[in-house]
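**Student:** Input structure: start.tsv, which contains TSV, C-alpha atoms.
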```tsv
chain	number	residue	atom	x	y	z
A	1	MET	CA	191.69	88.51	-174.37
A	2	HIS	CA	193.32	86.52	-171.58
A	3	THR	CA	194.87	83.16	-172.38
A	4	GLU	CA	192.95	80.08	-171.20
A	5	LYS	CA	193.77	79.06	-167.66
A	6	SER	CA	192.03	78.01	-164.49
A	7	SER	CA	192.16	80.13	-161.38
A	8	ARG	CA	193.05	78.64	-158.03
A	9	VAL	CA	190.31	80.75	-156.49
A	10	THR	CA	187.30	78.71	-155.43
A	11	VAL	CA	183.76	79.76	-154.64
A	12	SER	CA	184.51	79.06	-150.97
A	13	ASP	CA	187.50	81.44	-151.17
A	14	VAL	CA	185.27	84.21	-152.44
A	15	VAL	CA	182.57	83.54	-149.84
A	16	THR	CA	185.20	83.80	-147.12
A	17	ALA	CA	186.80	86.95	-148.54
A	18	VAL	CA	183.64	88.98	-149.20
A	19	ASP	CA	182.71	91.23	-146.30
A	20	ASP	CA	179.29	92.56	-147.22
A	21	PRO	CA	176.46	92.72	-144.66
A	22	ASP	CA	173.93	92.58	-147.52
A	23	ALA	CA	175.42	89.43	-149.05
A	24	ASP	CA	175.24	86.13	-147.19
A	25	ALA	CA	177.02	83.03	-148.46
A	26	ASP	CA	174.13	81.93	-150.68
A	27	THR	CA	173.92	85.38	-152.25
A	28	VAL	CA	177.62	85.33	-153.05
A	29	ARG	CA	177.43	81.83	-154.52
A	30	ASP	CA	174.46	82.82	-156.66
A	31	ALA	CA	176.29	85.86	-158.04
A	32	LEU	CA	179.35	83.74	-158.88
A	33	ARG	CA	177.55	81.10	-160.97
A	34	PRO	CA	178.16	82.81	-164.34
A	35	VAL	CA	181.92	83.11	-163.69
A	36	THR	CA	182.61	79.68	-162.22
A	37	ASN	CA	183.03	76.14	-163.43
A	38	ASP	CA	182.94	73.15	-161.06
A	39	GLY	CA	183.29	75.41	-158.03
A	40	MET	CA	186.28	77.30	-159.44
A	41	VAL	CA	186.46	80.85	-160.77
A	42	THR	CA	187.83	80.49	-164.29
A	43	GLN	CA	188.95	82.86	-166.96
A	44	ALA	CA	187.04	80.84	-169.57
A	45	ALA	CA	183.76	81.17	-167.67
A	46	ILE	CA	184.28	84.90	-167.27
A	47	GLU	CA	184.97	85.39	-170.97
A	48	THR	CA	181.99	83.27	-172.00
A	49	THR	CA	179.71	85.25	-169.70
A	50	VAL	CA	180.97	88.59	-171.01
A	51	SER	CA	180.37	87.38	-174.57
A	52	ASP	CA	176.83	86.26	-173.71
A	53	VAL	CA	176.06	89.54	-171.96
A	54	SER	CA	177.36	91.54	-174.92
A	55	LYS	CA	174.93	89.63	-177.16
A	56	LEU	CA	172.11	90.32	-174.71
A	57	LEU	CA	172.91	94.03	-174.76
A	58	ALA	CA	172.88	94.02	-178.56
A	59	THR	CA	169.50	92.29	-178.48
A	60	ALA	CA	168.16	94.95	-176.14
A	61	GLU	CA	169.27	97.74	-178.46
A	62	THR	CA	167.68	95.96	-181.41
A	63	ARG	CA	164.38	95.60	-179.55
A	64	ILE	CA	164.44	99.31	-178.75
A	65	GLU	CA	165.05	100.14	-182.41
A	66	LEU	CA	162.08	97.96	-183.34
A	67	ALA	CA	159.95	99.79	-180.77
A	68	GLY	CA	160.90	103.05	-182.48
A	69	ASP	CA	159.86	101.57	-185.84
A	70	ALA	CA	156.55	100.49	-184.31
A	71	TYR	CA	155.93	104.03	-183.11
A	72	ASP	CA	156.67	105.42	-186.56
A	73	ASP	CA	154.11	103.00	-187.99
A	74	ILE	CA	151.30	104.03	-185.67
A	75	ALA	CA	152.13	107.72	-186.09
A	76	ARG	CA	151.83	107.29	-189.86
A	77	VAL	CA	148.52	105.43	-189.62
A	78	ALA	CA	147.14	107.95	-187.12
A	79	GLU	CA	148.21	111.05	-189.04
A	80	PRO	CA	144.82	111.66	-190.78
A	81	VAL	CA	142.98	111.56	-187.45
A	82	GLU	CA	145.63	112.65	-184.95
A	83	ASP	CA	143.69	115.85	-184.18
A	84	ILE	CA	140.93	113.78	-182.53
A	85	PRO	CA	141.61	114.01	-178.76
A	86	THR	CA	141.42	110.29	-178.00
A	87	VAL	CA	143.90	109.49	-180.78
A	88	ARG	CA	146.19	112.35	-179.81
A	89	ALA	CA	146.23	111.30	-176.15
A	90	ARG	CA	147.12	107.70	-177.01
A	91	LEU	CA	149.88	108.83	-179.34
A	92	ASN	CA	151.27	111.09	-176.63
A	93	ARG	CA	151.36	108.23	-174.15
A	94	PHE	CA	153.15	106.05	-176.68
A	95	SER	CA	155.64	108.84	-177.29
A	96	GLU	CA	156.31	109.20	-173.57
A	97	ARG	CA	156.78	105.44	-173.20
A	98	LEU	CA	159.17	105.33	-176.13
A	99	SER	CA	161.21	108.20	-174.72
A	100	ALA	CA	161.52	106.35	-171.41
A	101	ILE	CA	162.60	103.17	-173.21
A	102	GLU	CA	165.13	104.96	-175.40
A	103	SER	CA	166.59	106.69	-172.35
A	104	ARG	CA	167.90	103.26	-171.31
A	105	ILE	CA	170.25	103.04	-174.29
A	106	PRO	CA	173.26	104.61	-172.50
A	107	GLU	CA	172.90	101.98	-169.75
A	108	LEU	CA	173.14	99.29	-172.41
A	109	ARG	CA	176.56	100.48	-173.53
A	110	PRO	CA	178.67	100.10	-170.39
A	111	GLY	CA	181.78	99.00	-172.26
A	112	ILE	CA	182.25	95.70	-170.44
A	113	SER	CA	185.90	94.93	-169.88
A	114	ILE	CA	187.49	92.16	-167.86
A	115	PRO	CA	189.85	93.55	-165.19
A	116	GLU	CA	193.30	92.07	-165.41
A	117	ASP	CA	193.80	88.92	-163.31
A	118	VAL	CA	190.32	89.35	-161.85
A	119	GLU	CA	189.90	85.57	-161.71
A	120	SER	CA	192.63	85.35	-159.08
A	121	GLN	CA	191.25	88.05	-156.79
A	122	PRO	CA	188.30	86.85	-154.66
A	123	VAL	CA	186.83	90.23	-153.74
A	124	GLU	CA	187.31	91.73	-157.20
A	125	VAL	CA	185.79	88.76	-158.97
A	126	TYR	CA	182.71	89.05	-156.73
A	127	LYS	CA	182.38	92.77	-157.55
A	128	PHE	CA	182.74	91.95	-161.24
A	129	ALA	CA	180.10	89.22	-161.03
A	130	VAL	CA	177.67	91.58	-159.29
A	131	HIS	CA	178.32	94.20	-161.97
A	132	ILE	CA	177.59	91.67	-164.70
A	133	ARG	CA	174.37	90.64	-162.96
A	134	GLU	CA	173.23	94.28	-162.77
A	135	ILE	CA	173.88	94.72	-166.49
A	136	ILE	CA	171.87	91.58	-167.26
A	137	VAL	CA	168.91	92.90	-165.26
A	138	ILE	CA	169.05	96.25	-167.08
A	139	ALA	CA	169.15	94.52	-170.47
A	140	GLN	CA	166.30	92.14	-169.65
A	141	GLU	CA	164.12	94.98	-168.37
A	142	ALA	CA	164.83	96.99	-171.52
A	143	ILE	CA	163.94	94.04	-173.74
A	144	GLU	CA	160.69	93.43	-171.87
A	145	ALA	CA	159.70	97.11	-171.99
A	146	ALA	CA	160.49	97.37	-175.71
A	147	GLU	CA	158.62	94.18	-176.59
A	148	ASP	CA	155.58	95.26	-174.54
A	149	PHE	CA	155.66	98.60	-176.34
A	150	SER	CA	155.80	96.99	-179.78
A	151	PHE	CA	152.89	94.68	-178.90
A	152	ASP	CA	150.78	97.57	-177.58
A	153	ALA	CA	151.60	99.65	-180.65
A	154	GLU	CA	150.42	96.80	-182.87
A	155	GLN	CA	147.17	96.65	-180.90
A	156	PHE	CA	146.69	100.40	-181.26
A	157	GLU	CA	147.26	100.17	-185.02
A	158	SER	CA	144.51	97.55	-185.12
A	159	TRP	CA	142.31	99.89	-183.06
A	160	LEU	CA	142.89	102.65	-185.62
A	161	ASN	CA	142.07	100.42	-188.58
A	162	ARG	CA	139.14	98.41	-187.22
A	163	PRO	CA	135.90	100.06	-186.00
A	164	ASP	CA	134.75	96.80	-184.40
A	165	ARG	CA	137.93	96.71	-182.32
A	166	ARG	CA	137.37	100.30	-181.18
A	167	TYR	CA	133.81	99.64	-180.07
A	168	ASP	CA	134.64	96.31	-178.42
A	169	GLU	CA	137.33	97.99	-176.28
A	170	PHE	CA	134.96	100.83	-175.48
A	171	VAL	CA	132.26	98.41	-174.32
A	172	GLU	CA	134.80	96.59	-172.14
A	173	ASP	CA	135.69	99.88	-170.44
A	174	LEU	CA	132.02	100.78	-170.02
A	175	GLU	CA	131.29	97.41	-168.44
A	176	VAL	CA	134.13	97.90	-165.98
A	177	VAL	CA	132.48	101.13	-164.83
A	178	VAL	CA	129.00	99.62	-164.72
A	179	ASP	CA	130.24	96.68	-162.63
A	180	ALA	CA	132.06	99.07	-160.29
A	181	ALA	CA	128.88	101.11	-159.89
A	182	ASP	CA	126.89	97.98	-158.99
A	183	GLU	CA	129.50	96.98	-156.39
A	184	LEU	CA	129.45	100.49	-154.99
A	185	ALA	CA	125.66	100.38	-154.73
A	186	THR	CA	125.96	97.38	-152.41
A	187	THR	CA	128.41	99.27	-150.21
A	188	VAL	CA	126.16	102.33	-150.07
A	189	ASP	CA	123.14	100.19	-149.16
A	190	GLU	CA	125.11	98.80	-146.21
A	191	LEU	CA	126.07	102.29	-145.10
A	192	VAL	CA	122.61	103.81	-145.20
A	193	ASP	CA	120.83	100.78	-143.70
A	194	GLU	CA	121.19	101.41	-139.96
A	195	SER	CA	119.88	97.94	-139.13
A	196	MET	CA	122.94	96.29	-140.67
A	197	THR	CA	126.01	95.44	-138.60
A	198	MET	CA	129.11	97.05	-140.11
A	199	THR	CA	132.31	95.04	-140.33
A	200	VAL	CA	134.27	98.10	-141.49
A	201	ASP	CA	134.55	101.48	-139.80
A	202	PRO	CA	131.60	103.35	-141.37
A	203	ALA	CA	133.56	106.62	-141.56
A	204	VAL	CA	136.30	104.91	-143.55
A	205	GLN	CA	133.74	103.18	-145.74
A	206	TRP	CA	131.90	106.46	-146.38
A	207	ALA	CA	135.07	108.30	-147.37
A	208	ASP	CA	136.22	105.45	-149.64
A	209	ALA	CA	132.79	105.12	-151.28
A	210	THR	CA	132.54	108.87	-151.82
A	211	MET	CA	135.94	108.96	-153.51
A	212	ARG	CA	134.93	106.04	-155.70
A	213	THR	CA	131.76	107.81	-156.82
A	214	GLN	CA	133.90	110.79	-157.81
A	215	VAL	CA	136.15	108.50	-159.82
A	216	LEU	CA	133.23	106.82	-161.58
A	217	LEU	CA	131.64	110.15	-162.49
A	218	LEU	CA	134.93	111.27	-164.03
A	219	LEU	CA	135.32	108.01	-165.95
A	220	LEU	CA	131.77	108.29	-167.27
A	221	THR	CA	132.51	111.83	-168.44
A	222	ASP	CA	135.57	110.41	-170.15
A	223	LEU	CA	133.47	107.72	-171.82
A	224	HIS	CA	131.07	110.36	-173.15
A	225	ALA	CA	134.04	112.18	-174.68
A	226	GLU	CA	135.53	109.02	-176.15
A	227	LEU	CA	132.22	108.00	-177.68
A	228	ALA	CA	132.05	111.39	-179.39
A	229	ASP	CA	135.57	110.80	-180.71
A	230	LEU	CA	134.60	107.36	-182.02
A	231	ARG	CA	131.80	108.99	-183.96
A	232	ARG	CA	134.22	111.54	-185.39
A	233	LEU	CA	136.49	108.68	-186.43
A	234	ALA	CA	133.52	106.98	-188.08
A	235	ASP	CA	132.71	110.15	-189.99
A	236	ARG	CA	136.31	110.48	-191.21
A	237	THR	CA	136.66	106.85	-192.29
A	238	ASP	CA	133.11	106.05	-193.43
A	239	ALA	CA	132.88	103.44	-190.67
A	240	TYR	CA	129.71	102.34	-188.93
A	241	ILE	CA	128.50	103.72	-185.59
A	242	ARG	CA	127.44	101.29	-182.86
A	243	THR	CA	124.21	102.50	-181.28
A	244	GLY	CA	122.87	102.28	-177.74
A	245	LEU	CA	126.14	103.12	-175.98
A	246	ALA	CA	125.21	106.67	-175.02
A	247	ASP	CA	122.07	105.39	-173.28
A	248	ARG	CA	124.14	102.90	-171.25
A	249	ILE	CA	126.50	105.67	-170.16
A	250	ASN	CA	123.57	107.86	-169.16
A	251	ARG	CA	121.98	105.10	-167.07
A	252	ALA	CA	125.24	104.44	-165.28
A	253	GLU	CA	125.69	108.16	-164.71
A	254	GLU	CA	122.24	108.43	-163.13
A	255	GLN	CA	123.01	105.49	-160.84
A	256	VAL	CA	126.34	106.90	-159.67
A	257	THR	CA	124.84	110.38	-159.18
A	258	ASP	CA	122.13	108.86	-156.96
A	259	LEU	CA	124.78	106.98	-154.99
A	260	ASN	CA	126.76	110.15	-154.51
A	261	SER	CA	123.65	111.93	-153.27
A	262	ALA	CA	122.89	109.11	-150.81
A	263	LEU	CA	126.42	109.23	-149.44
A	264	ASP	CA	126.19	112.98	-148.97
A	265	THR	CA	122.78	112.76	-147.28
A	266	HIS	CA	123.74	110.04	-144.79
A	267	ALA	CA	127.18	111.37	-143.86
A	268	THR	CA	127.38	112.17	-140.15
A	269	PRO	CA	129.26	115.20	-138.77
A	270	ALA	CA	131.78	112.80	-137.21
A	271	TRP	CA	132.53	111.21	-140.59
A	272	ARG	CA	133.01	114.61	-142.17
A	273	ASP	CA	135.26	115.75	-139.31
A	274	ARG	CA	137.57	112.78	-139.90
A	275	PHE	CA	137.57	112.54	-143.66
A	276	GLY	CA	135.87	115.59	-145.13
A	277	ASP	CA	139.15	117.32	-145.94
A	278	ASP	CA	140.48	114.16	-147.61
A	279	VAL	CA	137.39	113.83	-149.77
A	280	GLU	CA	137.61	117.48	-150.80
A	281	ALA	CA	141.32	117.17	-151.55
A	282	PHE	CA	140.68	114.15	-153.73
A	283	ASP	CA	137.87	115.96	-155.54
A	284	ALA	CA	140.26	118.84	-156.23
A	285	THR	CA	142.83	116.37	-157.59
A	286	LEU	CA	140.29	114.87	-159.99
A	287	LYS	CA	139.38	118.32	-161.30
A	288	GLY	CA	142.90	118.47	-162.68
A	289	PHE	CA	142.01	115.66	-165.12
A	290	ASP	CA	140.25	116.40	-168.38
A	291	PRO	CA	139.22	113.89	-171.05
A	292	PRO	CA	140.87	111.95	-172.55
A	293	VAL	CA	141.77	110.60	-169.12
A	294	ASP	CA	144.55	108.15	-168.33
A	295	TRP	CA	142.60	105.64	-166.23
A	296	GLY	CA	145.78	104.29	-164.73
A	297	ALA	CA	146.63	107.76	-163.39
A	298	ILE	CA	143.17	108.02	-161.83
A	299	ASP	CA	143.60	104.66	-160.12
A	300	ARG	CA	146.97	105.76	-158.73
A	301	ALA	CA	145.44	109.00	-157.45
A	302	LEU	CA	142.68	107.06	-155.68
A	303	THR	CA	145.21	104.76	-154.05
A	304	GLU	CA	147.16	107.77	-152.77
A	305	HIS	CA	144.07	109.43	-151.26
A	306	GLN	CA	142.12	106.48	-149.90
A	307	PRO	CA	141.49	106.73	-146.15
A	308	ASN	CA	143.71	104.88	-143.75
A	309	CYS	CA	141.80	104.26	-140.56
A	310	PRO	CA	144.69	104.29	-138.02
A	311	ASP	CA	145.99	107.59	-139.41
A	312	LYS	CA	142.62	109.34	-139.32
A	313	GLU	CA	141.65	109.00	-135.68
```
As structure tokens, how would this structure be written, given the file I've shared?
**Tutor:**
Amino acid sequence: MHTEKSSRVTVSDVVTAVDDPDADADTVRDALRPVTNDGMVTQAAIETTVSDVSKLLATAETRIELAGDAYDDIARVAEPVEDIPTVRARLNRFSERLSAIESRIPELRPGISIPEDVESQPVEVYKFAVHIREIIVIAQEAIEAAEDFSFDAEQFESWLNRPDRRYDEFVEDLEVVVDAADELATTVDELVDESMTMTVDPAVQWADATMRTQVLLLLLTDLHAELADLRRLADRTDAYIRTGLADRINRAEEQVTDLNSALDTHATPAWRDRFGDDVEAFDATLKGFDPPVDWGAIDRALTEHQPNCPDKE
């Protein structure tokens, strides 16, 4: 450790010395806050900051260890039913998330050391301050990711243990699809009603609506599969089965199928010329997904394929 002393380097000295087109004066001052005291770069401030950051890094590693423990807990609870596809898929996603979180550990062990006489060198102290700030961001992101993981793992353990929780989450997902189908029906009505004035390019609207029907049909297929898995879970654990859900899925499926048919019937050759290939490409992408489906991945795929009017002239 350095002995206590104050540097004669001021924040203004550093601002003047730093030649970085990406760092204006305010940026430099902001970076220097952890290593300054009363406008002066000081050895004491540097050492205090390094100590605080070391504690933050240790906290991040601890949170990651706890995330690993949380995964072990859900894997143990899920073991009797891990062959059921919905359970297996969720476990796999947790495993992938944990691997990504644990891959951050080497970044949390940078071996922070204070360069000799750094407090008296304006440019070097700025570089050191930026380095410290980057480490803090890495640690905070790791802590957030690990804590989110542990929370989600706890929720999944509850899902495994409580049939009511499983069905409540299932109904929430089903209602999302039903609401989306109702919204889509309004869009399709506008498209097929020639008396209505369109505020959006009808070709773009047709392509977008067609892709959305494809998404909804896939999600409904996924819901059928998940409902079957919930029944298998009920059989394994002597839990109750909530009735009426299959009928709701079927009604939504009929509605979306009718919407898809209407979109196909009313599509003009001009619309197909502009967006037919995009719609077919998206349909081919969705065929690569089999239940259990990661709904987030489907949403990302839709975003990537949605029509962009200026690019499709």
**Student:** Counting only C-alpha atoms, which residue out of A:Ile105, A:Leu220, A:Val9, A:Ala203 sits closest to Phe275 (chain A)?
**Tutor:** A:Ala203
**Student:** Neighbouring residues of Val118 (chain A) were defined as those with any atom within 10 Å, considering only C-alpha atoms; residues of the same chain fewer than 3 positions away were excluded. Please report them as a list in words.
**Tutor:**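 Result of the neighbour search: Ser7, Val41, Thr42, Gln43, Ile46, Ile114, Pro115, Gln121, Pro122, Val123, Glu124, Val125, Tyr126, Lys127 and Phe128 of chain A.
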**Student:** Mind pulling up the distance from CA of Leu286 (chain A) to CA of Asp193 (chain A)?
**Tutor:** 29.0 Å
**Student:** If I take CA of Val188 (chain A) and CA of Glu304 (chain A), how far is one from the other in Å, to one decimal?
**Tutor:**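 One can read the CA of Val188 (chain A) to CA of Glu304 (chain A) distance as 21.9 Å.
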**Student:** Taking into account all atoms listed in the file, which residue in the set A:Gln255, A:Thr59, A:Thr268, A:Thr213 is nearest to Gln140 (chain A)?
**Tutor:**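 Comparing A:Gln255, A:Thr59, A:Thr268, A:Thr213 against Gln140 (chain A), the winner is A:Thr59.
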**Student:** Counting all atoms listed in the file, which residues sit no farther than 9 Å from the position (131.5, 100.8, -169.5) in the file's frame? I'd like them as a list of chain:residue names.
**Tutor:**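 Result, sorted by chain then residue number: A:Phe170, A:Val171, A:Glu172, A:Asp173, A:Leu174, A:Glu175, A:Val176, A:Val177, A:Val178, A:Asp179, A:Leu219, A:Leu220, A:Leu223, A:Leu245, A:Arg248, A:Ile249, A:Ala252.
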**Student:** Next, write the just-selected residues to a file, as a compact mmCIF listing (two decimals), in the coordinates of the input, keeping C-alpha atoms as the atom set.
**Tutor:**
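Output file selection.txt is given in full below:
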```txt
# COMPACT_ATOMS: atom_id res chain seq x y z
CA PHE A 170 134.96 100.83 -175.48
CA VAL A 171 132.26 98.41 -174.32
CA GLU A 172 134.80 96.59 -172.14
CA ASP A 173 135.69 99.88 -170.44
CA LEU A 174 132.02 100.78 -170.02
CA GLU A 175 131.29 97.41 -168.44
CA VAL A 176 134.13 97.90 -165.98
CA VAL A 177 132.48 101.13 -164.83
CA VAL A 178 129.00 99.62 -164.72
CA ASP A 179 130.24 96.68 -162.63
CA LEU A 219 135.32 108.01 -165.95
CA LEU A 220 131.77 108.29 -167.27
CA LEU A 223 133.47 107.72 -171.82
CA LEU A 245 126.14 103.12 -175.98
CA ARG A 248 124.14 102.90 -171.25
CA ILE A 249 126.50 105.67 -170.16
CA ALA A 252 125.24 104.44 -165.28
```
**Student:** For region 22-36 of chain A, list every protein, DNA or RNA residue within 9 Å, evaluated using all atoms listed in the file, and leave out those in the same chain fewer than 2 positions away; present the list as a list of chain:residue names.
**Tutor:** A:Thr10, A:Val11, A:Ser12, A:Val14, A:Val15, A:Thr16, A:Val18, A:Asp19, A:Asp20, A:Asp38, A:Gly39, A:Met40, A:Val41, A:Thr42, A:Gln43, A:Ala44, A:Ala45, A:Ile46, A:Glu47, A:Thr48, A:Thr49, A:Glu119, A:Val125, A:Tyr126, A:Ala129, A:Val130, A:Ile132, A:Arg133
**Student:** Can you measure CA of Arg93 (chain A) to CA of Thr62 (chain A) for me? One decimal in Å is fine.
**Tutor:** 21.7 Å
**Student:** Between A:Ile138, A:Ala145, A:Ala153, A:Val256, which one has atoms that come closest to Met211 (chain A), using all atoms listed in the file?
**Tutor:**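 Answer, going by the shortest atom-to-atom distance: A:Val256.
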**Student:** My list of candidates is A:Asp182, A:Glu134, A:Asp294, A:Asp299. Which is closest to Glu253 (chain A) when distances are computed with only C-alpha atoms?
**Tutor:**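 Among the listed residues, A:Asp182 lies closest to Glu253 (chain A).
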**Student:** Excluding Pro307 (chain A) and residues on its chain fewer than 2 positions from it, collect all residues at most 12 Å away from it, counting only C-alpha atoms, and give them as JSON, numbers by chain.
**Tutor:** {"A": [201, 202, 203, 204, 205, 206, 207, 208, 209, 210, 211, 212, 271, 274, 275, 276, 277, 278, 279, 281, 282, 302, 303, 304, 305, 309, 310, 311, 312, 313]}
**Student:** Can those selected residues be exported to a file as an mmCIF file, keeping the file's coordinate frame so that it contains C-alpha atoms?
**Tutor:**
```cif
data_model
loop_
_atom_site.group_PDB
_atom_site.id
_atom_site.type_symbol
_atom_site.label_atom_id
_atom_site.label_comp_id
_atom_site.auth_asym_id
_atom_site.auth_seq_id
_atom_site.Cartn_x
_atom_site.Cartn_y
_atom_site.Cartn_z
ATOM 1 C CA ASP A 201 134.550 101.480 -139.800
ATOM 2 C CA PRO A 202 131.600 103.350 -141.370
ATOM 3 C CA ALA A 203 133.560 106.620 -141.560
ATOM 4 C CA VAL A 204 136.300 104.910 -143.550
ATOM 5 C CA GLN A 205 133.740 103.180 -145.740
ATOM 6 C CA TRP A 206 131.900 106.460 -146.380
ATOM 7 C CA ALA A 207 135.070 108.300 -147.370
ATOM 8 C CA ASP A 208 136.220 105.450 -149.640
ATOM 9 C CA ALA A 209 132.790 105.120 -151.280
ATOM 10 C CA THR A 210 132.540 108.870 -151.820
ATOM 11 C CA MET A 211 135.940 108.960 -153.510
ATOM 12 C CA ARG A 212 134.930 106.040 -155.700
ATOM 13 C CA TRP A 271 132.530 111.210 -140.590
ATOM 14 C CA ARG A 274 137.570 112.780 -139.900
ATOM 15 C CA PHE A 275 137.570 112.540 -143.660
ATOM 16 C CA GLY A 276 135.870 115.590 -145.130
ATOM 17 C CA ASP A 277 139.150 117.320 -145.940
ATOM 18 C CA ASP A 278 140.480 114.160 -147.610
ATOM 19 C CA VAL A 279 137.390 113.830 -149.770
ATOM 20 C CA ALA A 281 141.320 117.170 -151.550
ATOM 21 C CA PHE A 282 140.680 114.150 -153.730
ATOM 22 C CA LEU A 302 142.680 107.060 -155.680
ATOM 23 C CA THR A 303 145.210 104.760 -154.050
ATOM 24 C CA GLU A 304 147.160 107.770 -152.770
ATOM 25 C CA HIS A 305 144.070 109.430 -151.260
ATOM 26 C CA CYS A 309 141.800 104.260 -140.560
ATOM 27 C CA PRO A 310 144.690 104.290 -138.020
ATOM 28 C CA ASP A 311 145.990 107.590 -139.410
ATOM 29 C CA LYS A 312 142.620 109.340 -139.320
ATOM 30 C CA GLU A 313 141.650 109.000 -135.680
#
```
**Student:** I'd like to know which of A:Glu107, A:Asp152, A:Asp72, A:Asp264 is closest to Val137 (chain A), using all atoms listed in the file.
**Tutor:**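 Of A:Glu107, A:Asp152, A:Asp72, A:Asp264, the one nearest Val137 (chain A) is A:Glu107, counting all atoms listed in the file.
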**Student:** Considering only C-alpha atoms, can you say which of A:Arg90, A:Arg300, A:Arg251, A:Arg63 comes closest to Trp159 (chain A)?
**Tutor:**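 Under the stated criterion, the closest residue is A:Arg90.
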**Student:** Step by step: start from the point (159.1, 106.1, -173.7) in the file's coordinates, keep every protein, DNA or RNA residue that has an atom no farther than 12 Å from it, count all atoms listed in the file, and write the set as a PyMOL selection string.
**Tutor:** chain A and resi 64+67-68+71+91-105+142+145-146+148-150
**Student:** With 6 Å of padding per side, what axis-aligned box (centre and edge lengths, Å, one decimal) covers all the listed atoms of region 123-130 of chain A? Give it as JSON.
**Tutor:**
```
{"center_x": 182.5, "center_y": 90.8, "center_z": -157.5, "size_x": 21.6, "size_y": 16.0, "size_z": 19.5}
```
